[in-house]
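Shown here: protein-v6.txt, compact mmCIF, C-alpha atoms.
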```txt
# COMPACT_ATOMS: atom_id res chain seq x y z
CA MET F 860 0.00 0.00 0.00
CA SER F 861 1.36 3.37 -0.98
CA LEU F 862 -0.06 6.49 0.63
CA GLY F 863 2.07 8.91 -1.36
CA ILE F 864 3.98 10.04 1.71
CA THR F 865 7.45 11.56 1.30
CA PRO F 866 10.13 12.02 3.99
CA GLU F 867 9.35 15.74 4.04
CA SER F 868 5.79 14.99 5.15
CA ALA F 869 6.86 13.18 8.33
CA ILE F 870 4.53 14.01 11.23
CA PRO F 871 5.92 16.11 14.09
CA ARG F 872 6.33 14.24 17.34
CA GLN F 873 3.48 15.98 19.20
CA SER F 874 -0.06 14.60 19.20
CA LEU F 875 1.03 11.70 17.02
CA THR F 876 -2.15 9.68 17.37
CA SER F 877 -4.37 12.62 16.36
CA ALA F 878 -2.02 13.59 13.53
CA VAL F 879 -1.97 10.08 12.07
CA ALA F 880 -5.76 9.79 12.45
CA ASP F 881 -6.25 13.16 10.73
CA LYS F 882 -4.07 12.22 7.77
CA LEU F 883 -5.69 8.81 7.28
CA ARG F 884 -9.20 10.20 7.77
CA ASP F 885 -8.61 12.87 5.16
CA GLN F 886 -7.30 10.38 2.60
CA ILE F 887 -10.16 7.94 3.19
CA ILE F 888 -12.81 10.63 2.79
CA ARG F 889 -11.19 11.96 -0.37
CA GLY F 890 -11.01 8.45 -1.80
CA GLU F 891 -7.21 8.48 -1.99
CA ILE F 892 -7.24 5.26 0.04
CA ALA F 893 -9.61 3.00 -1.85
CA GLU F 894 -12.41 0.84 -0.50
CA GLY F 895 -11.15 -2.58 0.52
CA THR F 896 -7.62 -1.35 1.25
CA GLN F 897 -5.95 -3.11 4.16
CA LEU F 898 -4.23 -0.59 6.43
CA ARG F 899 -1.03 -2.24 7.63
CA GLN F 900 0.37 -0.72 10.80
CA ASP F 901 4.00 -1.30 9.87
CA ALA F 902 3.60 0.29 6.42
CA ILE F 903 1.81 3.35 7.83
CA ALA F 904 4.36 3.72 10.63
CA ALA F 905 7.24 3.54 8.14
CA GLN F 906 5.74 6.07 5.72
CA TYR F 907 4.75 8.54 8.44
CA GLN F 908 8.05 7.93 10.29
CA VAL F 909 6.41 7.15 13.61
CA SER F 910 6.25 4.09 15.85
CA ARG F 911 3.44 1.58 15.56
CA ILE F 912 1.86 2.67 18.86
CA PRO F 913 0.28 5.94 17.63
CA VAL F 914 -0.71 4.17 14.40
CA ARG F 915 -2.51 1.46 16.36
CA GLU F 916 -4.31 4.06 18.49
CA ALA F 917 -5.21 6.12 15.39
CA LEU F 918 -6.73 3.04 13.74
CA ARG F 919 -8.80 2.36 16.86
CA GLN F 920 -10.04 5.94 16.73
CA LEU F 921 -11.02 5.64 13.07
CA ASP F 922 -12.74 2.33 13.80
CA ALA F 923 -14.83 4.04 16.49
CA GLU F 924 -15.75 6.74 13.96
CA GLY F 925 -16.93 4.12 11.47
CA LEU F 926 -14.36 5.10 8.84
CA ILE F 927 -12.55 1.78 8.97
CA ALA F 928 -13.35 -1.70 10.25
CA ILE F 929 -11.00 -3.86 12.28
CA VAL F 930 -11.62 -7.35 10.92
CA PRO F 931 -10.36 -10.59 12.53
CA ASN F 932 -7.39 -12.08 10.63
CA ARG F 933 -7.26 -9.05 8.30
CA GLY F 934 -6.66 -6.11 10.59
CA ALA F 935 -7.84 -2.62 9.66
CA VAL F 936 -9.72 -2.34 6.37
CA VAL F 937 -11.49 0.54 4.63
CA PRO F 938 -15.04 -0.82 4.23
CA ALA F 939 -16.97 -0.40 1.01
CA LEU F 940 -19.62 2.28 0.93
CA SER F 941 -22.97 0.57 0.74
CA PRO F 942 -25.79 2.38 -1.13
CA GLU F 943 -28.20 0.31 0.95
CA ASP F 944 -26.62 1.50 4.22
CA ILE F 945 -26.74 5.09 2.99
CA GLU F 946 -30.41 4.78 2.08
CA GLU F 947 -31.32 3.20 5.42
CA LEU F 948 -29.43 5.69 7.60
CA PHE F 949 -30.79 8.77 5.87
CA ALA F 950 -34.32 7.28 5.81
CA ILE F 951 -34.15 6.81 9.59
CA ARG F 952 -32.97 10.40 10.01
CA ALA F 953 -35.73 11.72 7.75
CA LEU F 954 -38.34 9.92 9.87
CA LEU F 955 -37.07 10.76 13.34
CA GLU F 956 -35.49 14.19 13.22
CA PRO F 957 -38.52 16.18 11.97
CA GLU F 958 -40.59 14.65 14.77
CA VAL F 959 -38.12 15.83 17.41
CA LEU F 960 -37.79 19.25 15.79
CA LYS F 961 -41.59 19.59 15.86
CA LEU F 962 -41.57 19.08 19.64
CA SER F 963 -38.58 21.33 20.20
CA ILE F 964 -39.48 24.46 18.19
CA PRO F 965 -42.14 25.86 20.55
CA HIS F 966 -39.65 25.79 23.44
CA LEU F 967 -36.51 27.12 21.71
CA THR F 968 -35.14 30.31 23.27
CA GLU F 969 -33.26 33.25 21.84
CA LYS F 970 -30.14 31.80 23.47
CA ASP F 971 -30.70 28.57 21.52
CA PHE F 972 -31.04 30.50 18.27
CA SER F 973 -27.89 32.52 18.99
CA HIS F 974 -25.95 29.34 19.72
CA ALA F 975 -27.23 27.71 16.51
CA GLU F 976 -26.19 30.81 14.57
CA ALA F 977 -22.70 30.71 16.08
CA VAL F 978 -22.32 27.03 15.21
CA LEU F 979 -23.54 27.73 11.69
CA ARG F 980 -21.02 30.55 11.21
CA LYS F 981 -18.20 28.23 12.28
CA TYR F 982 -19.61 25.44 10.10
CA VAL F 983 -19.67 27.73 7.04
CA ARG F 984 -16.03 28.73 7.66
CA GLU F 985 -14.96 25.11 8.06
CA LEU F 986 -16.79 24.01 4.91
CA ARG F 987 -14.67 26.43 2.90
CA ARG F 988 -11.53 24.53 3.97
CA GLU F 989 -11.06 21.02 2.65
CA ASP F 990 -8.29 20.46 5.19
CA ARG F 991 -11.01 20.63 7.89
CA VAL F 992 -13.19 17.95 6.34
CA SER F 993 -12.84 15.73 9.43
CA GLY F 994 -14.91 18.19 11.47
CA TRP F 995 -17.79 18.65 9.04
CA GLY F 996 -19.92 15.84 10.43
CA ARG F 997 -19.43 16.94 14.03
CA LEU F 998 -20.45 20.55 13.29
CA ASN F 999 -23.44 19.35 11.25
CA TRP F 1000 -24.63 17.34 14.26
CA GLU F 1001 -23.95 20.23 16.66
CA PHE F 1002 -26.15 22.54 14.57
CA HIS F 1003 -29.01 20.07 14.19
CA SER F 1004 -28.94 18.82 17.79
CA ASN F 1005 -29.06 22.37 19.12
CA LEU F 1006 -32.42 22.81 17.38
CA TYR F 1007 -33.69 19.48 18.76
CA ALA F 1008 -32.54 20.09 22.35
CA ARG F 1009 -35.82 21.50 23.73
CA ALA F 1010 -37.89 18.50 22.73
CA ASN F 1011 -37.16 16.87 26.11
CA GLN F 1012 -37.03 13.44 24.49
CA PRO F 1013 -33.79 11.88 25.79
CA ARG F 1014 -34.44 8.40 24.37
CA PHE F 1015 -35.40 9.81 20.99
CA MET F 1016 -32.26 11.95 21.04
CA ALA F 1017 -30.09 8.97 22.00
CA ILE F 1018 -31.37 7.03 18.97
CA ILE F 1019 -30.86 10.01 16.66
CA ARG F 1020 -27.37 10.61 18.05
CA ASN F 1021 -26.46 6.97 17.44
CA VAL F 1022 -27.74 7.13 13.85
CA ASN F 1023 -25.79 10.33 13.24
CA ASN F 1024 -22.63 8.77 14.69
CA SER F 1025 -23.04 5.82 12.33
CA GLY F 1026 -23.67 8.15 9.41
CA GLU F 1027 -21.08 10.85 10.13
CA ARG F 1028 -18.77 9.38 7.50
CA TYR F 1029 -21.60 9.63 5.00
CA THR F 1030 -22.38 13.24 5.98
CA ARG F 1031 -18.80 14.29 5.28
CA LEU F 1032 -18.72 12.32 2.04
CA GLN F 1033 -22.04 13.74 0.89
CA LEU F 1034 -20.75 17.29 1.27
CA TYR F 1035 -17.37 16.52 -0.26
CA LEU F 1036 -18.33 14.21 -3.12
CA THR F 1037 -21.57 15.82 -4.26
CA HIS F 1038 -20.39 19.43 -3.95
CA GLY F 1039 -23.49 19.97 -1.83
CA ILE F 1040 -21.96 22.59 0.45
CA ARG F 1041 -23.80 25.61 -0.96
CA ARG F 1042 -27.20 23.92 -0.84
CA ALA F 1043 -26.56 22.62 2.69
CA ASN F 1044 -25.62 26.10 3.90
CA GLU F 1045 -28.71 27.68 2.35
CA GLU F 1046 -31.02 25.05 3.81
CA HIS F 1047 -29.44 25.26 7.27
CA HIS F 1048 -29.99 29.02 7.36
CA LYS F 1049 -33.57 28.61 6.13
CA ILE F 1050 -34.35 25.91 8.71
CA LEU F 1051 -33.00 28.15 11.47
CA GLU F 1052 -35.07 31.10 10.25
CA LEU F 1053 -38.24 28.99 10.11
CA CYS F 1054 -37.58 27.79 13.66
CA ARG F 1055 -37.23 31.42 14.75
CA GLN F 1056 -40.56 32.21 13.12
CA ARG F 1057 -42.10 29.22 14.96
CA ASP F 1058 -43.27 27.88 11.60
CA VAL F 1059 -43.25 24.27 12.74
CA ALA F 1060 -44.78 22.70 9.62
CA ALA F 1061 -42.47 24.47 7.15
CA ALA F 1062 -39.34 23.86 9.26
CA CYS F 1063 -40.07 20.14 9.59
CA THR F 1064 -40.89 19.77 5.90
CA LEU F 1065 -37.66 21.48 4.87
CA LEU F 1066 -35.64 19.41 7.35
CA ARG F 1067 -37.09 16.19 5.91
CA GLU F 1068 -36.33 17.32 2.35
CA HIS F 1069 -32.83 18.42 3.42
CA ILE F 1070 -32.03 14.97 4.84
CA GLU F 1071 -33.64 13.04 1.96
CA TYR F 1072 -31.75 15.05 -0.65
CA ALA F 1073 -28.43 14.48 1.13
CA GLY F 1074 -29.01 10.72 1.24
CA GLN F 1075 -30.19 10.45 -2.35
CA SER F 1076 -27.38 12.57 -3.78
CA LEU F 1077 -24.72 10.58 -1.93
CA LYS F 1078 -26.29 7.27 -2.96
CA GLU F 1079 -26.22 8.33 -6.62
CA VAL F 1080 -22.57 9.45 -6.46
CA VAL F 1081 -21.50 6.21 -4.76
CA HIS F 1082 -23.43 4.20 -7.37
CA GLN F 1083 -21.77 6.09 -10.24
CA ARG F 1084 -18.33 5.69 -8.69
CA ARG F 1085 -18.92 1.97 -8.38
CA ILE F 1086 -19.96 1.69 -12.03
CA SER F 1087 -16.91 3.71 -13.12
CA ALA F 1088 -14.62 1.50 -11.06
CA GLN F 1089 -16.16 -1.66 -12.55
CA LEU F 1090 -15.80 -0.33 -16.10
CA ALA F 1091 -12.18 0.62 -15.44
CA ASP F 1092 -11.50 -2.83 -14.01
CA GLU F 1093 -13.08 -4.52 -17.02
CA SER F 1094 -11.07 -2.32 -19.36
CA ASN F 1095 -7.84 -3.23 -17.58
CA ARG F 1096 -8.65 -6.94 -17.90
CA ARG F 1097 -9.20 -6.84 -21.65
CA PRO F 1098 -6.28 -8.14 -23.66
CA LYS F 1099 -4.26 -5.37 -25.26
CA SER F 1100 -4.35 -5.41 -29.06
```
For the file at hand, write its structure as structure tokens.
Amino acid sequence: MSLGITPESAIPRQSLTSAVADKLRDQIIRGEIAEGTQLRQDAIAAQYQVSRIPVREALRQLDAEGLIAIVPNRGAVVPALSPEDIEELFAIRALLEPEVLKLSIPHLTEKDFSHAEAVLRKYVRELRREDRVSGWGRLNWEFHSNLYARANQPRFMAIIRNVNNSGERYTRLQLYLTHGIRRANEEHHKILELCRQRDVAAACTLLREHIEYAGQSLKEVVHQRRISAQLADESNRRPKS
């Protein structure tokens, strides 16, 4: 496995685990490390010029984030993106989140709106920087969860949080691969404004459409990438004339 790392790109000795995790996360999201790739600790340690300890810890971190899977007898592997998983996760979100938002909107305070605005400003700044792609999913959840917070539905929120954790990889990929940043920003601002106006029906409808569009657009991109990869593989297998 070659990650394209040169001696000049060796990681400084501080925060090694986070630095290794950041570099691997970025390459996985961008598709520079392909689906099905086995991430060998010794190879990564050699190319990043670090010991295997921070590499092992970084891989555990990425496994917890759902970006890689640690498989018995194979070690760390970048799992394939499943269109079916994408469809299911976003369908669950589209069902649950508007219901919680509906309960929350009447009780949201000006402090809640100000906090959501502050998160959104930071989110917009981060979306302009592809080197901050690792934080996109977290900020997306922070914005949405702030608007759901007054629903007083802890079990509902626990389920939604778990679904978002499972789908955070997909959220980042959807924004990065589908170039959906502008639309996401516009819809986030509109959802916030509708919440401020206490327009429950319109806010919940837009939220549902926002989630459904994100899931469908990512599913289509993943499907097209898979077809392109298959065609390229078939082309490479054909005998050269």
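Proximity of F:Arg933, F:Lys981, F:His1069, F:Arg1055 to Ala1043 of chain F, computed with only C-alpha atoms, is greatest for F:His1069.
Here atom CA of Leu1034 of chain F stands at a distance of 17.2 Å from atom CA of Ala953 of chain F.
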Long-range neighbours of Ala1010 of chain F as a ChimeraX atom specification, 12 Å cut-off, only C-alpha atoms, 6 positions minimum in chain:
/F:956-967,1004,1016
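With only C-alpha atoms as the atoms that count, the minimum distance from Gln908 of chain F to the choices F:Ala878, F:Leu1077, F:Val937, F:Leu1053 is reached by F:Ala878.
Going from atom CA of Glu924 of chain F over to atom CA of Glu943 of chain F, you cover 19.1 Å.
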With all atoms listed in the file as the counted atoms, please give the residues lying no more than 9 Å from Ile912 of chain F, apart from itself and same-chain residues fewer than 5 positions off, as a PyMOL selection string.
chain F and resi 876+900+904+917
As a ChimeraX atom specification, please: the residues near segment 1021-1023 of chain F (cut-off 9 Å, only C-alpha atoms, same-chain neighbours under 5 positions excluded).
/F:948-949,951-952,996,1000,1016,1030
Separation of atom CA of Val978 of chain F from atom CA of Ile887 of chain F in Å:
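Interatomic distance here is 25.6 Å.
Distance check against Leu1051 of chain F using all atoms listed in the file: of F:Leu1006, F:Leu898, F:Ala1091, F:Val914, the minimum falls on F:Leu1006.
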For Ala975 of chain F, which residue among F:Ile1018, F:Ala935, F:Ile1050, F:Leu918 is the nearest when counting all atoms listed in the file?
F:Ile1050
Find the residue from F:Leu875, F:Ala1017, F:Ala1060, F:Cys1054 that sits nearest to Pro913 of chain F; use all atoms listed in the file when measuring.
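Looking at the shortest contact to Pro913 of chain F, the residue is F:Leu875.
The closest residue to Arg899 of chain F, picked from F:Asp881, F:Gly934, F:Ala928, F:Gln920 and counting only C-alpha atoms, is F:Gly934.
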Neighbouring residues of Gly1039 of chain F were defined as those with any atom within 10 Å, considering only C-alpha atoms; residues of the same chain fewer than 4 positions away were excluded. Please report them as a list in words.
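In the requested format, the answer is Leu1032, Gln1033, Leu1034, Tyr1035, Ala1043, Asn1044, Tyr1072, Ala1073, Ser1076 and Leu1077 of chain F.
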Output segment 904-915 of chain F with all heavy atoms present, as an mmCIF file, in the coordinates of the input.
```
data_model
loop_
_atom_site.group_PDB
_atom_site.id
_atom_site.type_symbol
_atom_site.label_atom_id
_atom_site.label_comp_id
_atom_site.auth_asym_id
_atom_site.auth_seq_id
_atom_site.Cartn_x
_atom_site.Cartn_y
_atom_site.Cartn_z
ATOM 1 N N ALA F 904 3.344 3.206 9.712
ATOM 2 C CA ALA F 904 4.360 3.720 10.630
ATOM 3 C C ALA F 904 5.638 4.103 9.873
ATOM 4 O O ALA F 904 6.250 5.148 10.129
ATOM 5 C CB ALA F 904 4.671 2.684 11.702
ATOM 6 N N ALA F 905 6.024 3.265 8.905
ATOM 7 C CA ALA F 905 7.240 3.540 8.140
ATOM 8 C C ALA F 905 7.075 4.797 7.273
ATOM 9 O O ALA F 905 7.975 5.641 7.199
ATOM 10 C CB ALA F 905 7.595 2.336 7.271
ATOM 11 N N GLN F 906 5.931 4.936 6.624
ATOM 12 C CA GLN F 906 5.740 6.070 5.720
ATOM 13 C C GLN F 906 5.542 7.371 6.470
ATOM 14 O O GLN F 906 5.935 8.435 5.988
ATOM 15 C CB GLN F 906 4.573 5.785 4.778
ATOM 16 C CG GLN F 906 4.890 4.629 3.819
ATOM 17 C CD GLN F 906 3.928 4.557 2.654
ATOM 18 O OE1 GLN F 906 3.486 5.569 2.149
ATOM 19 N NE2 GLN F 906 3.630 3.331 2.230
ATOM 20 N N TYR F 907 4.922 7.322 7.641
ATOM 21 C CA TYR F 907 4.750 8.540 8.440
ATOM 22 C C TYR F 907 5.924 8.784 9.389
ATOM 23 O O TYR F 907 5.959 9.790 10.091
ATOM 24 C CB TYR F 907 3.465 8.451 9.254
ATOM 25 C CG TYR F 907 2.200 8.603 8.443
ATOM 26 C CD1 TYR F 907 1.003 8.035 8.891
ATOM 27 C CD2 TYR F 907 2.174 9.314 7.244
ATOM 28 C CE1 TYR F 907 -0.164 8.179 8.166
ATOM 29 C CE2 TYR F 907 1.013 9.445 6.514
ATOM 30 C CZ TYR F 907 -0.148 8.875 6.969
ATOM 31 O OH TYR F 907 -1.306 9.013 6.252
ATOM 32 N N GLN F 908 6.861 7.816 9.443
ATOM 33 C CA GLN F 908 8.050 7.930 10.290
ATOM 34 C C GLN F 908 7.681 8.086 11.763
ATOM 35 O O GLN F 908 8.148 8.991 12.471
ATOM 36 C CB GLN F 908 8.940 9.081 9.818
ATOM 37 C CG GLN F 908 9.445 8.882 8.393
ATOM 38 C CD GLN F 908 10.412 9.962 7.953
ATOM 39 O OE1 GLN F 908 11.000 10.664 8.767
ATOM 40 N NE2 GLN F 908 10.575 10.099 6.651
ATOM 41 N N VAL F 909 6.792 7.190 12.206
ATOM 42 C CA VAL F 909 6.410 7.150 13.610
ATOM 43 C C VAL F 909 6.470 5.684 14.050
ATOM 44 O O VAL F 909 6.643 4.777 13.231
ATOM 45 C CB VAL F 909 4.989 7.702 13.832
ATOM 46 C CG1 VAL F 909 4.900 9.165 13.415
ATOM 47 C CG2 VAL F 909 3.940 6.876 13.073
ATOM 48 N N SER F 910 6.305 5.464 15.355
ATOM 49 C CA SER F 910 6.250 4.090 15.850
ATOM 50 C C SER F 910 4.872 3.510 15.583
ATOM 51 O O SER F 910 3.936 4.220 15.178
ATOM 52 C CB SER F 910 6.537 4.051 17.348
ATOM 53 O OG SER F 910 5.445 4.586 18.074
ATOM 54 N N ARG F 911 4.716 2.225 15.834
ATOM 55 C CA ARG F 911 3.440 1.580 15.560
ATOM 56 C C ARG F 911 2.383 1.912 16.618
ATOM 57 O O ARG F 911 1.194 1.746 16.371
ATOM 58 C CB ARG F 911 3.631 0.061 15.483
ATOM 59 C CG ARG F 911 4.443 -0.377 14.265
ATOM 60 C CD ARG F 911 4.630 -1.872 14.206
ATOM 61 N NE ARG F 911 3.371 -2.588 14.083
ATOM 62 C CZ ARG F 911 3.282 -3.908 13.919
ATOM 63 N NH1 ARG F 911 4.387 -4.635 13.847
ATOM 64 N NH2 ARG F 911 2.118 -4.496 13.826
ATOM 65 N N ILE F 912 2.817 2.395 17.781
ATOM 66 C CA ILE F 912 1.860 2.670 18.860
ATOM 67 C C ILE F 912 0.852 3.748 18.478
ATOM 68 O O ILE F 912 -0.364 3.525 18.570
ATOM 69 C CB ILE F 912 2.593 3.029 20.173
ATOM 70 C CG1 ILE F 912 3.384 1.821 20.674
ATOM 71 C CG2 ILE F 912 1.589 3.500 21.234
ATOM 72 C CD1 ILE F 912 4.262 2.109 21.870
ATOM 73 N N PRO F 913 1.282 4.941 18.028
ATOM 74 C CA PRO F 913 0.280 5.940 17.630
ATOM 75 C C PRO F 913 -0.543 5.497 16.421
ATOM 76 O O PRO F 913 -1.710 5.895 16.292
ATOM 77 C CB PRO F 913 1.113 7.181 17.309
ATOM 78 C CG PRO F 913 2.486 6.696 17.053
ATOM 79 C CD PRO F 913 2.644 5.497 17.944
ATOM 80 N N VAL F 914 0.044 4.675 15.548
ATOM 81 C CA VAL F 914 -0.710 4.170 14.400
ATOM 82 C C VAL F 914 -1.830 3.256 14.888
ATOM 83 O O VAL F 914 -2.977 3.366 14.435
ATOM 84 C CB VAL F 914 0.212 3.411 13.422
ATOM 85 C CG1 VAL F 914 -0.615 2.752 12.320
ATOM 86 C CG2 VAL F 914 1.245 4.348 12.826
ATOM 87 N N ARG F 915 -1.500 2.375 15.820
ATOM 88 C CA ARG F 915 -2.510 1.460 16.360
ATOM 89 C C ARG F 915 -3.647 2.240 17.027
ATOM 90 O O ARG F 915 -4.832 1.937 16.829
ATOM 91 C CB ARG F 915 -1.872 0.507 17.364
ATOM 92 C CG ARG F 915 -2.847 -0.525 17.930
ATOM 93 C CD ARG F 915 -2.135 -1.625 18.695
ATOM 94 N NE ARG F 915 -1.424 -1.107 19.860
ATOM 95 C CZ ARG F 915 -0.098 -1.084 19.977
ATOM 96 N NH1 ARG F 915 0.669 -1.556 18.995
ATOM 97 N NH2 ARG F 915 0.474 -0.637 21.066
#
```
